[in-house]
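Trainee: The file below is my_file-v3.cif, mmCIF, C-alpha atoms and all ligand atoms:
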```
data_query
loop_
_atom_site.label_atom_id
_atom_site.label_comp_id
_atom_site.auth_asym_id
_atom_site.auth_seq_id
_atom_site.Cartn_x
_atom_site.Cartn_y
_atom_site.Cartn_z
CA MET W 1150 -8.03 30.74 15.64
CA SER W 1151 -10.75 29.60 13.26
CA ASN W 1152 -11.61 32.85 11.54
CA PRO W 1153 -8.72 35.31 11.41
CA ARG W 1154 -9.38 38.61 9.72
CA PRO W 1155 -6.96 38.81 6.78
CA ARG W 1156 -4.38 41.61 6.99
CA LYS W 1157 -3.78 43.26 3.67
CA ARG W 1158 -0.37 44.63 4.60
CA PHE W 1159 0.92 41.08 5.01
CA GLY W 1160 -0.49 39.98 1.64
CA GLN W 1161 -2.95 37.66 3.34
CA ASN W 1162 -5.14 35.81 0.88
CA PHE W 1163 -5.91 32.51 2.49
CA LEU W 1164 -6.21 29.45 0.30
CA HIS W 1165 -9.32 27.34 0.88
CA ASP W 1166 -9.71 25.40 -2.36
CA GLN W 1167 -9.18 21.73 -1.45
CA HIS W 1168 -8.25 20.69 -4.98
CA VAL W 1169 -5.53 23.34 -5.22
CA LEU W 1170 -4.18 22.32 -1.79
CA ASP W 1171 -4.09 18.68 -2.96
CA ARG W 1172 -2.24 19.61 -6.14
CA ILE W 1173 0.38 21.65 -4.25
CA VAL W 1174 1.16 18.79 -1.86
CA ALA W 1175 1.17 16.20 -4.66
CA ALA W 1176 3.58 18.32 -6.74
CA ALA W 1177 6.12 18.26 -3.91
CA GLU W 1178 6.34 14.43 -4.19
CA LEU W 1179 7.15 14.18 -0.50
CA GLN W 1180 9.35 11.30 0.63
CA GLU W 1181 9.89 9.85 4.10
CA THR W 1182 13.17 11.67 4.63
CA ASP W 1183 12.04 15.13 3.48
CA ARG W 1184 11.86 18.25 5.59
CA VAL W 1185 9.53 21.06 4.62
CA LEU W 1186 9.95 24.83 4.83
CA GLU W 1187 6.73 26.80 4.57
CA ILE W 1188 6.89 30.58 4.25
CA GLY W 1189 3.72 32.34 5.44
CA PRO W 1190 1.64 29.46 6.81
CA GLY W 1191 -1.15 31.89 7.79
CA PRO W 1192 -4.03 30.08 9.50
CA GLY W 1193 -2.48 26.81 8.32
CA ALA W 1194 -4.63 25.17 5.62
CA LEU W 1195 -1.51 24.06 3.74
CA THR W 1196 0.44 23.44 6.97
CA THR W 1197 -2.23 20.99 8.13
CA ARG W 1198 -1.90 19.02 4.90
CA LEU W 1199 1.87 19.01 5.15
CA LEU W 1200 1.82 17.84 8.77
CA ALA W 1201 -0.60 15.07 7.82
CA THR W 1202 2.27 13.47 5.90
CA GLY W 1203 4.12 13.05 9.21
CA LEU W 1204 7.10 15.08 8.00
CA PRO W 1205 8.80 17.87 9.94
CA VAL W 1206 7.65 21.34 8.92
CA LEU W 1207 9.51 24.57 9.62
CA ALA W 1208 7.11 27.49 9.21
CA VAL W 1209 8.03 31.20 9.16
CA GLU W 1210 5.15 33.61 9.73
CA ILE W 1211 5.33 37.39 10.17
CA ASP W 1212 1.88 37.74 11.74
CA ARG W 1213 2.32 37.18 15.49
CA ASP W 1214 -1.29 36.19 16.07
CA LEU W 1215 -1.26 33.55 13.35
CA ALA W 1216 2.15 32.27 14.43
CA LYS W 1217 0.94 31.97 18.03
CA ALA W 1218 -2.16 30.05 16.95
CA LEU W 1219 0.05 27.60 15.05
CA GLU W 1220 2.37 27.17 18.03
CA GLU W 1221 -0.63 26.43 20.21
CA ARG W 1222 -1.34 23.37 18.11
CA ASN W 1223 1.59 21.79 19.98
CA ASP W 1224 2.39 19.58 17.04
CA LEU W 1225 5.82 18.05 17.62
CA ASN W 1226 6.54 18.05 13.89
CA LEU W 1227 5.86 21.76 13.56
CA GLU W 1228 8.47 24.39 14.34
CA VAL W 1229 7.18 27.94 14.03
CA LYS W 1230 9.48 30.95 13.63
CA THR W 1231 7.86 34.33 14.04
CA GLY W 1232 9.14 37.23 11.96
CA ASP W 1233 9.87 38.57 8.51
CA VAL W 1234 11.40 35.73 6.50
CA LEU W 1235 13.58 38.22 4.61
CA ARG W 1236 15.17 39.38 7.86
CA PHE W 1237 16.19 35.92 9.03
CA ASN W 1238 19.71 34.71 8.45
CA TRP W 1239 18.87 31.81 6.11
CA SER W 1240 22.09 29.96 6.88
CA GLU W 1241 20.98 29.85 10.52
CA LEU W 1242 17.35 29.14 9.63
CA LEU W 1243 18.01 26.21 7.30
CA THR W 1244 19.96 24.05 9.74
CA GLN W 1245 18.95 20.67 8.32
CA PRO W 1246 19.04 20.88 4.54
CA PRO W 1247 17.84 19.88 2.07
CA TYR W 1248 14.34 21.32 2.40
CA LYS W 1249 11.33 21.29 0.16
CA LEU W 1250 10.00 24.84 0.14
CA ILE W 1251 6.23 24.71 -0.21
CA ALA W 1252 4.28 27.93 0.09
CA ASN W 1253 1.49 30.18 -0.96
CA LEU W 1254 3.76 33.20 -0.97
CA PRO W 1255 2.91 36.77 -0.01
CA TYR W 1256 2.94 38.21 -3.53
CA ASN W 1257 4.54 41.54 -2.60
CA ILE W 1258 7.82 39.83 -1.63
CA SER W 1259 7.89 36.80 -3.93
CA SER W 1260 10.80 38.14 -6.03
CA GLN W 1261 12.86 38.94 -2.95
CA ILE W 1262 12.21 35.43 -1.65
CA LEU W 1263 13.45 33.95 -4.94
CA PHE W 1264 16.68 35.96 -4.72
CA LYS W 1265 17.16 34.48 -1.23
CA VAL W 1266 16.41 31.00 -2.57
CA LEU W 1267 19.01 31.49 -5.31
CA GLU W 1268 21.57 32.54 -2.74
CA HIS W 1269 20.85 29.41 -0.68
CA ARG W 1270 19.86 27.10 -3.53
CA ASN W 1271 21.95 24.19 -2.24
CA ALA W 1272 19.62 24.00 0.75
CA PHE W 1273 16.62 23.08 -1.43
CA SER W 1274 15.65 19.86 -3.19
CA CYS W 1275 12.36 21.17 -4.57
CA LEU W 1276 10.17 24.30 -4.53
CA VAL W 1277 6.42 24.35 -4.99
CA LEU W 1278 5.29 27.95 -4.87
CA MET W 1279 2.18 29.99 -5.59
CA PHE W 1280 2.74 33.24 -7.48
CA GLN W 1281 0.72 36.00 -8.99
CA LYS W 1282 0.11 34.74 -12.55
CA GLU W 1283 2.18 37.47 -14.23
CA VAL W 1284 5.15 36.73 -12.00
CA GLY W 1285 4.86 32.99 -12.67
CA GLU W 1286 4.73 33.64 -16.41
CA ARG W 1287 7.85 35.77 -16.19
CA LEU W 1288 9.69 33.00 -14.36
CA ILE W 1289 9.02 30.37 -17.01
CA ALA W 1290 9.42 32.72 -20.00
CA THR W 1291 12.17 32.02 -22.50
CA GLU W 1292 14.33 34.33 -24.63
CA GLY W 1293 12.55 36.48 -27.15
CA SER W 1294 9.45 36.79 -25.01
CA ARG W 1295 8.33 40.10 -23.52
CA ASN W 1296 8.02 38.32 -20.17
CA TYR W 1297 11.63 37.11 -20.15
CA GLY W 1298 13.60 38.91 -17.46
CA ILE W 1299 16.18 38.78 -14.70
CA LEU W 1300 14.50 36.11 -12.60
CA SER W 1301 13.66 33.96 -15.65
CA VAL W 1302 17.37 33.83 -16.49
CA LEU W 1303 18.64 33.36 -12.95
CA MET W 1304 16.08 30.73 -11.90
CA GLN W 1305 16.36 28.77 -15.15
CA THR W 1306 20.15 28.74 -14.87
CA TRP W 1307 19.91 26.45 -11.84
CA PHE W 1308 16.34 25.08 -11.79
CA HIS W 1309 13.92 23.20 -13.99
CA LEU W 1310 10.60 25.06 -13.81
CA GLU W 1311 7.13 23.82 -14.65
CA ARG W 1312 3.58 24.99 -14.15
CA VAL W 1313 1.48 22.85 -11.81
CA ILE W 1314 -1.89 24.57 -11.87
CA LYS W 1315 -3.54 27.92 -12.60
CA VAL W 1316 -5.50 29.24 -9.66
CA PRO W 1317 -8.47 31.62 -9.93
CA PRO W 1318 -9.11 34.37 -7.33
CA GLY W 1319 -12.06 32.41 -5.89
CA ALA W 1320 -9.67 29.83 -4.42
CA PHE W 1321 -8.68 32.38 -1.75
CA PHE W 1322 -10.28 34.44 0.96
CA PRO W 1323 -10.38 37.30 0.35
CA PRO W 1324 -10.08 36.78 -3.42
CA PRO W 1325 -7.08 38.70 -4.80
CA LYS W 1326 -7.56 40.97 -7.82
CA VAL W 1327 -5.23 38.79 -9.90
CA ASP W 1328 -5.02 35.21 -11.12
CA SER W 1329 -2.39 32.97 -9.60
CA VAL W 1330 -0.27 30.04 -10.65
CA VAL W 1331 1.60 27.28 -8.82
CA LEU W 1332 5.07 26.44 -10.13
CA ARG W 1333 7.29 23.48 -9.31
CA MET W 1334 11.03 24.05 -9.46
CA VAL W 1335 13.68 21.39 -9.10
CA PRO W 1336 17.44 22.04 -9.05
CA LEU W 1337 19.11 20.92 -12.27
CA SER W 1338 21.68 18.15 -11.81
CA LYS W 1339 23.92 20.24 -14.04
CA PRO W 1340 23.30 24.03 -14.29
CA ARG W 1341 22.48 25.44 -17.73
CA VAL W 1342 25.83 27.25 -17.61
CA ASP W 1343 28.91 26.75 -15.51
CA VAL W 1344 29.04 30.24 -14.01
CA HIS W 1345 32.57 31.22 -12.95
CA ASP W 1346 31.62 34.28 -10.90
CA GLU W 1347 28.02 34.35 -9.71
CA ALA W 1348 28.05 37.96 -8.53
CA LEU W 1349 29.32 39.11 -11.93
CA TYR W 1350 26.74 36.92 -13.73
CA ARG W 1351 23.89 38.39 -11.63
CA LYS W 1352 25.15 41.91 -12.23
CA LEU W 1353 25.45 41.31 -15.99
CA VAL W 1354 21.93 39.88 -16.26
CA LYS W 1355 20.46 42.75 -14.22
CA SER W 1356 22.30 45.31 -16.36
CA ALA W 1357 21.18 43.69 -19.63
CA PHE W 1358 17.54 44.13 -18.60
CA ALA W 1359 18.01 47.55 -16.98
CA GLN W 1360 16.93 49.34 -20.16
CA ARG W 1361 14.90 46.80 -22.03
CA ARG W 1362 14.25 48.98 -25.06
CA LYS W 1363 17.91 49.63 -25.72
CA THR W 1364 20.46 47.30 -27.27
CA VAL W 1365 22.20 45.03 -24.82
CA ARG W 1366 25.44 46.98 -25.36
CA ASN W 1367 23.82 50.30 -24.49
CA SER W 1368 21.99 48.80 -21.56
CA LEU W 1369 25.31 47.50 -20.17
CA LEU W 1370 27.03 50.84 -20.79
CA GLY W 1371 24.18 52.60 -18.98
CA SER W 1372 24.84 50.37 -15.98
CA GLY W 1373 28.50 51.33 -15.83
CA TRP W 1374 30.22 48.49 -17.72
CA GLN W 1375 33.36 49.57 -19.57
CA ALA W 1376 33.02 49.77 -23.36
CA GLU W 1377 36.41 48.22 -24.01
CA GLN W 1378 35.69 45.15 -21.88
CA ILE W 1379 32.18 44.48 -23.13
CA ASP W 1380 33.17 45.01 -26.77
CA GLN W 1381 35.92 42.44 -26.36
CA ALA W 1382 33.42 40.04 -24.76
CA PHE W 1383 30.87 40.52 -27.58
CA ASP W 1384 33.62 40.01 -30.12
CA VAL W 1385 34.98 36.77 -28.68
CA THR W 1386 31.56 35.25 -27.97
CA GLU W 1387 30.28 36.42 -31.38
CA ILE W 1388 27.15 37.83 -29.78
CA ASP W 1389 25.73 40.78 -31.70
CA PRO W 1390 25.86 43.82 -29.36
CA GLY W 1391 22.96 45.34 -31.33
CA ARG W 1392 20.52 42.74 -29.99
CA ARG W 1393 18.23 43.46 -27.08
CA GLY W 1394 18.96 41.79 -23.76
CA GLU W 1395 15.67 39.89 -23.88
CA THR W 1396 16.86 37.93 -26.96
CA LEU W 1397 19.94 36.46 -25.26
CA THR W 1398 19.78 32.82 -24.20
CA ILE W 1399 20.95 31.71 -20.77
CA GLU W 1400 23.98 30.10 -22.43
CA GLU W 1401 24.82 33.43 -24.11
CA PHE W 1402 24.55 35.30 -20.81
CA GLY W 1403 26.83 32.66 -19.30
CA ALA W 1404 29.39 32.93 -22.09
CA LEU W 1405 29.49 36.74 -21.83
CA ALA W 1406 29.78 36.68 -18.04
CA ASN W 1407 32.55 34.06 -18.05
CA LEU W 1408 34.45 36.03 -20.64
CA LEU W 1409 34.13 39.26 -18.67
CA CYS W 1410 35.29 37.33 -15.64
CA SER W 1411 38.48 36.20 -17.42
CA ILE W 1412 39.07 39.70 -18.85
CA ASN W 1413 38.78 41.09 -15.29
CA ARG W 1414 41.28 38.52 -14.07
CA GLU W 1415 43.74 39.36 -16.87
CA ASP W 1416 43.32 43.10 -16.18
CA GLY W 1417 43.95 42.39 -12.51
CA LEU W 1418 47.19 40.61 -13.40
CA SER W 1419 48.51 43.25 -15.78
N1 LIG S 1 -0.28 29.79 3.55
C1 LIG S 1 -1.51 30.47 3.88
C2 LIG S 1 -2.59 29.99 2.94
O1 LIG S 1 -2.24 29.39 1.93
O2 LIG S 1 -3.76 30.26 3.19
C3 LIG S 1 -1.36 31.98 3.82
C4 LIG S 1 -0.86 32.55 2.51
S1 LIG S 1 -0.92 34.30 2.41
C5 LIG S 1 -0.95 34.56 0.68
C6 LIG S 1 0.73 34.82 2.79
C7 LIG S 1 1.18 34.58 4.22
O3 LIG S 1 2.52 35.07 4.37
C8 LIG S 1 0.37 35.30 5.29
O4 LIG S 1 0.07 34.43 6.33
C9 LIG S 1 1.27 36.46 5.75
O5 LIG S 1 1.03 36.84 7.08
C10 LIG S 1 2.62 35.82 5.58
N2 LIG S 1 3.71 36.80 5.35
C11 LIG S 1 3.64 37.98 4.68
N3 LIG S 1 4.83 38.58 4.63
C12 LIG S 1 5.70 37.76 5.28
C13 LIG S 1 7.09 37.82 5.59
N4 LIG S 1 7.83 38.87 5.21
N5 LIG S 1 7.64 36.81 6.29
C14 LIG S 1 6.91 35.74 6.68
N6 LIG S 1 5.58 35.62 6.43
C15 LIG S 1 5.00 36.61 5.73
#
```
Represent the supplied structure as structure tokens.
Ligand code: SAM
Mentor:
Amino acid sequence: MSNPRPRKRFGQNFLHDQHVLDRIVAAAELQETDRVLEIGPGPGALTTRLLATGLPVLAVEIDRDLAKALEERNDLNLEVKTGDVLRFNWSELLTQPPYKLIANLPYNISSQILFKVLEHRNAFSCLVLMFQKEVGERLIATEGSRNYGILSVLMQTWFHLERVIKVPPGAFFPPPKVDSVVLRMVPLSKPRVDVHDEALYRKLVKSAFAQRRKTVRNSLLGSGWQAEQIDQAFDVTEIDPGRRGETLTIEEFGALANLLCSINREDGLS
């Protein structure tokens, strides 16, 4: 299929800029033993580059026509799975970890994909991903910035993030209405915080940003946390409950979450 008509509902903006394709592949620093996961290969401009390295590529594409065209290449190194990547069971999909996830993501589901990546982070040795610029900026934002949010905290807890290249709309067909950015993310050898209960940590971070204009204490209360428990946690960690969630460092989120975790355990015992 040389000239597929892009389908808007699948977020299809096909990358044709050779320099950007080169930079994406270079950023992945592919080694002989690597395996690649590509989400949304589309007509396969990036896939072709990845296969040229001789490495195995697992590609998941929702568009049946594009997936079929890729299968018809009969490339032994290419395994194509057809369907919505969010509906796959990732434990069954990622049978030979670790993978390098390299993709020009469909922007409408990029956050959901990152939550999946976080859940299965041990299956990845590197991520090189294209995002809408605003989303990319949020991911690399640090405390105190307006862009700092749930995914900045969660991704930076376990990954080192860096910008690879900014990408203008003209690099795609059809050109999107927004600028884009490619980020490289590598798992940290030691996470920023040793999280004792990941579900609680995620819930705490989400609650702290639920009402960004309120104090972190009020934002947590609004999300159903118990005043007595959170006040004890603020007290012991010496974090001012009058601050806004967006000013808390990852280490502070970690300290609060671990304290709430031990308070929960004590309450469970009593
Ligand atoms: N990789 C190609 C390129 O760089 O030109 C296409 C990128 S395009 C921005 C996003 C691709 O993701 C499209 O091929 C689209 O069909 C596919 N896609 C969209 N939603 C998807 C989903 N839920 N699961 C798997 N693929 C999806």
Trainee: Using all atoms listed in the file, which residues of chain W come within 8 Å of ligand LIG 1 (chain S), and what is the closest atom pair for each, with the distance in Å to one decimal? Give it as CSV, sorted by chain and residue number.
Mentor:
```
residue,atom,partner,partner_atom,distance
W:Arg1156,CA,S:LIG1,O5,7.2
W:Arg1158,CA,S:LIG1,C11,7.8
W:Phe1159,CA,S:LIG1,C11,4.1
W:Gly1160,CA,S:LIG1,C6,5.4
W:Gln1161,CA,S:LIG1,S1,4.0
W:Asn1162,CA,S:LIG1,C5,4.4
W:Phe1163,CA,S:LIG1,O2,3.2
W:Leu1164,CA,S:LIG1,O2,3.9
W:His1165,CA,S:LIG1,O2,6.7
W:Glu1187,CA,S:LIG1,N1,7.7
W:Ile1188,CA,S:LIG1,N6,5.6
W:Gly1189,CA,S:LIG1,O3,3.2
W:Pro1190,CA,S:LIG1,N1,3.8
W:Gly1191,CA,S:LIG1,O4,3.2
W:Pro1192,CA,S:LIG1,C1,6.2
W:Gly1193,CA,S:LIG1,C1,5.8
W:Ala1194,CA,S:LIG1,O2,5.7
W:Leu1195,CA,S:LIG1,O1,5.7
W:Thr1196,CA,S:LIG1,N1,7.2
W:Val1209,CA,S:LIG1,C14,5.3
W:Glu1210,CA,S:LIG1,N6,3.9
W:Ile1211,CA,S:LIG1,N6,4.1
W:Asp1212,CA,S:LIG1,O5,4.8
W:Leu1215,CA,S:LIG1,O4,7.2
W:Thr1231,CA,S:LIG1,C14,7.6
W:Gly1232,CA,S:LIG1,N5,5.9
W:Asp1233,CA,S:LIG1,N5,3.6
W:Val1234,CA,S:LIG1,N5,3.9
W:Leu1235,CA,S:LIG1,N4,5.8
W:Arg1236,CA,S:LIG1,N4,7.8
W:Ala1252,CA,S:LIG1,N1,6.0
W:Asn1253,CA,S:LIG1,O1,4.8
W:Leu1254,CA,S:LIG1,C6,5.1
W:Pro1255,CA,S:LIG1,C6,4.0
W:Tyr1256,CA,S:LIG1,C5,6.8
W:Asn1257,CA,S:LIG1,N3,7.8
W:Ile1258,CA,S:LIG1,N4,6.9
W:Phe1321,CA,S:LIG1,O2,7.3
```
Trainee: For C-alpha atoms, I'd like the residues from the last selection saved as a PDB file, keeping the file's coordinate frame.
Mentor:
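Listed below is the output, out27.pdb:
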```
ATOM      1  CA  ARG W1156      -4.380  41.610   6.990  1.00  0.00           C
ATOM      2  CA  ARG W1158      -0.370  44.630   4.600  1.00  0.00           C
ATOM      3  CA  PHE W1159       0.920  41.080   5.010  1.00  0.00           C
ATOM      4  CA  GLY W1160      -0.490  39.980   1.640  1.00  0.00           C
ATOM      5  CA  GLN W1161      -2.950  37.660   3.340  1.00  0.00           C
ATOM      6  CA  ASN W1162      -5.140  35.810   0.880  1.00  0.00           C
ATOM      7  CA  PHE W1163      -5.910  32.510   2.490  1.00  0.00           C
ATOM      8  CA  LEU W1164      -6.210  29.450   0.300  1.00  0.00           C
ATOM      9  CA  HIS W1165      -9.320  27.340   0.880  1.00  0.00           C
ATOM     10  CA  GLU W1187       6.730  26.800   4.570  1.00  0.00           C
ATOM     11  CA  ILE W1188       6.890  30.580   4.250  1.00  0.00           C
ATOM     12  CA  GLY W1189       3.720  32.340   5.440  1.00  0.00           C
ATOM     13  CA  PRO W1190       1.640  29.460   6.810  1.00  0.00           C
ATOM     14  CA  GLY W1191      -1.150  31.890   7.790  1.00  0.00           C
ATOM     15  CA  PRO W1192      -4.030  30.080   9.500  1.00  0.00           C
ATOM     16  CA  GLY W1193      -2.480  26.810   8.320  1.00  0.00           C
ATOM     17  CA  ALA W1194      -4.630  25.170   5.620  1.00  0.00           C
ATOM     18  CA  LEU W1195      -1.510  24.060   3.740  1.00  0.00           C
ATOM     19  CA  THR W1196       0.440  23.440   6.970  1.00  0.00           C
ATOM     20  CA  VAL W1209       8.030  31.200   9.160  1.00  0.00           C
ATOM     21  CA  GLU W1210       5.150  33.610   9.730  1.00  0.00           C
ATOM     22  CA  ILE W1211       5.330  37.390  10.170  1.00  0.00           C
ATOM     23  CA  ASP W1212       1.880  37.740  11.740  1.00  0.00           C
ATOM     24  CA  LEU W1215      -1.260  33.550  13.350  1.00  0.00           C
ATOM     25  CA  THR W1231       7.860  34.330  14.040  1.00  0.00           C
ATOM     26  CA  GLY W1232       9.140  37.230  11.960  1.00  0.00           C
ATOM     27  CA  ASP W1233       9.870  38.570   8.510  1.00  0.00           C
ATOM     28  CA  VAL W1234      11.400  35.730   6.500  1.00  0.00           C
ATOM     29  CA  LEU W1235      13.580  38.220   4.610  1.00  0.00           C
ATOM     30  CA  ARG W1236      15.170  39.380   7.860  1.00  0.00           C
ATOM     31  CA  ALA W1252       4.280  27.930   0.090  1.00  0.00           C
ATOM     32  CA  ASN W1253       1.490  30.180  -0.960  1.00  0.00           C
ATOM     33  CA  LEU W1254       3.760  33.200  -0.970  1.00  0.00           C
ATOM     34  CA  PRO W1255       2.910  36.770  -0.010  1.00  0.00           C
ATOM     35  CA  TYR W1256       2.940  38.210  -3.530  1.00  0.00           C
ATOM     36  CA  ASN W1257       4.540  41.540  -2.600  1.00  0.00           C
ATOM     37  CA  ILE W1258       7.820  39.830  -1.630  1.00  0.00           C
ATOM     38  CA  PHE W1321      -8.680  32.380  -1.750  1.00  0.00           C
TER      39      PHE W1321
END
```
Trainee: What's around Val1327 in chain W at 9 Å? Count only C-alpha atoms, leave out sequence neighbours fewer than 3 positions away in its own chain, and write the answer as a list in words.
Mentor: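 Close residues of Val1327 in chain W: Gln1281, Lys1282, Glu1283, Pro1317, Pro1318 and Pro1324 of chain W.
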Trainee: Nearest to Val1169 in chain W: which of W:Arg1198, W:Lys1230, W:Gly1391, W:Leu1353 is it, counting all atoms listed in the file?
Mentor: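 Selected residue with least distance to Val1169 in chain W: W:Arg1198.
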Trainee: Closest to Arg1393 in chain W among W:Arg1414, W:Lys1265, W:Arg1295, W:Arg1341, using all atoms listed in the file?
Mentor: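 Looking at the shortest contact to Arg1393 in chain W, the residue is W:Arg1295.
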Trainee: Using all atoms listed in the file, which of the listed residues (W:Ser1372, W:Gln1378, W:Asn1226, W:Ser1294) sits closest to Glu1415 in chain W?
Mentor: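 Counting all atoms listed in the file, the residue closest to Glu1415 in chain W is W:Gln1378.
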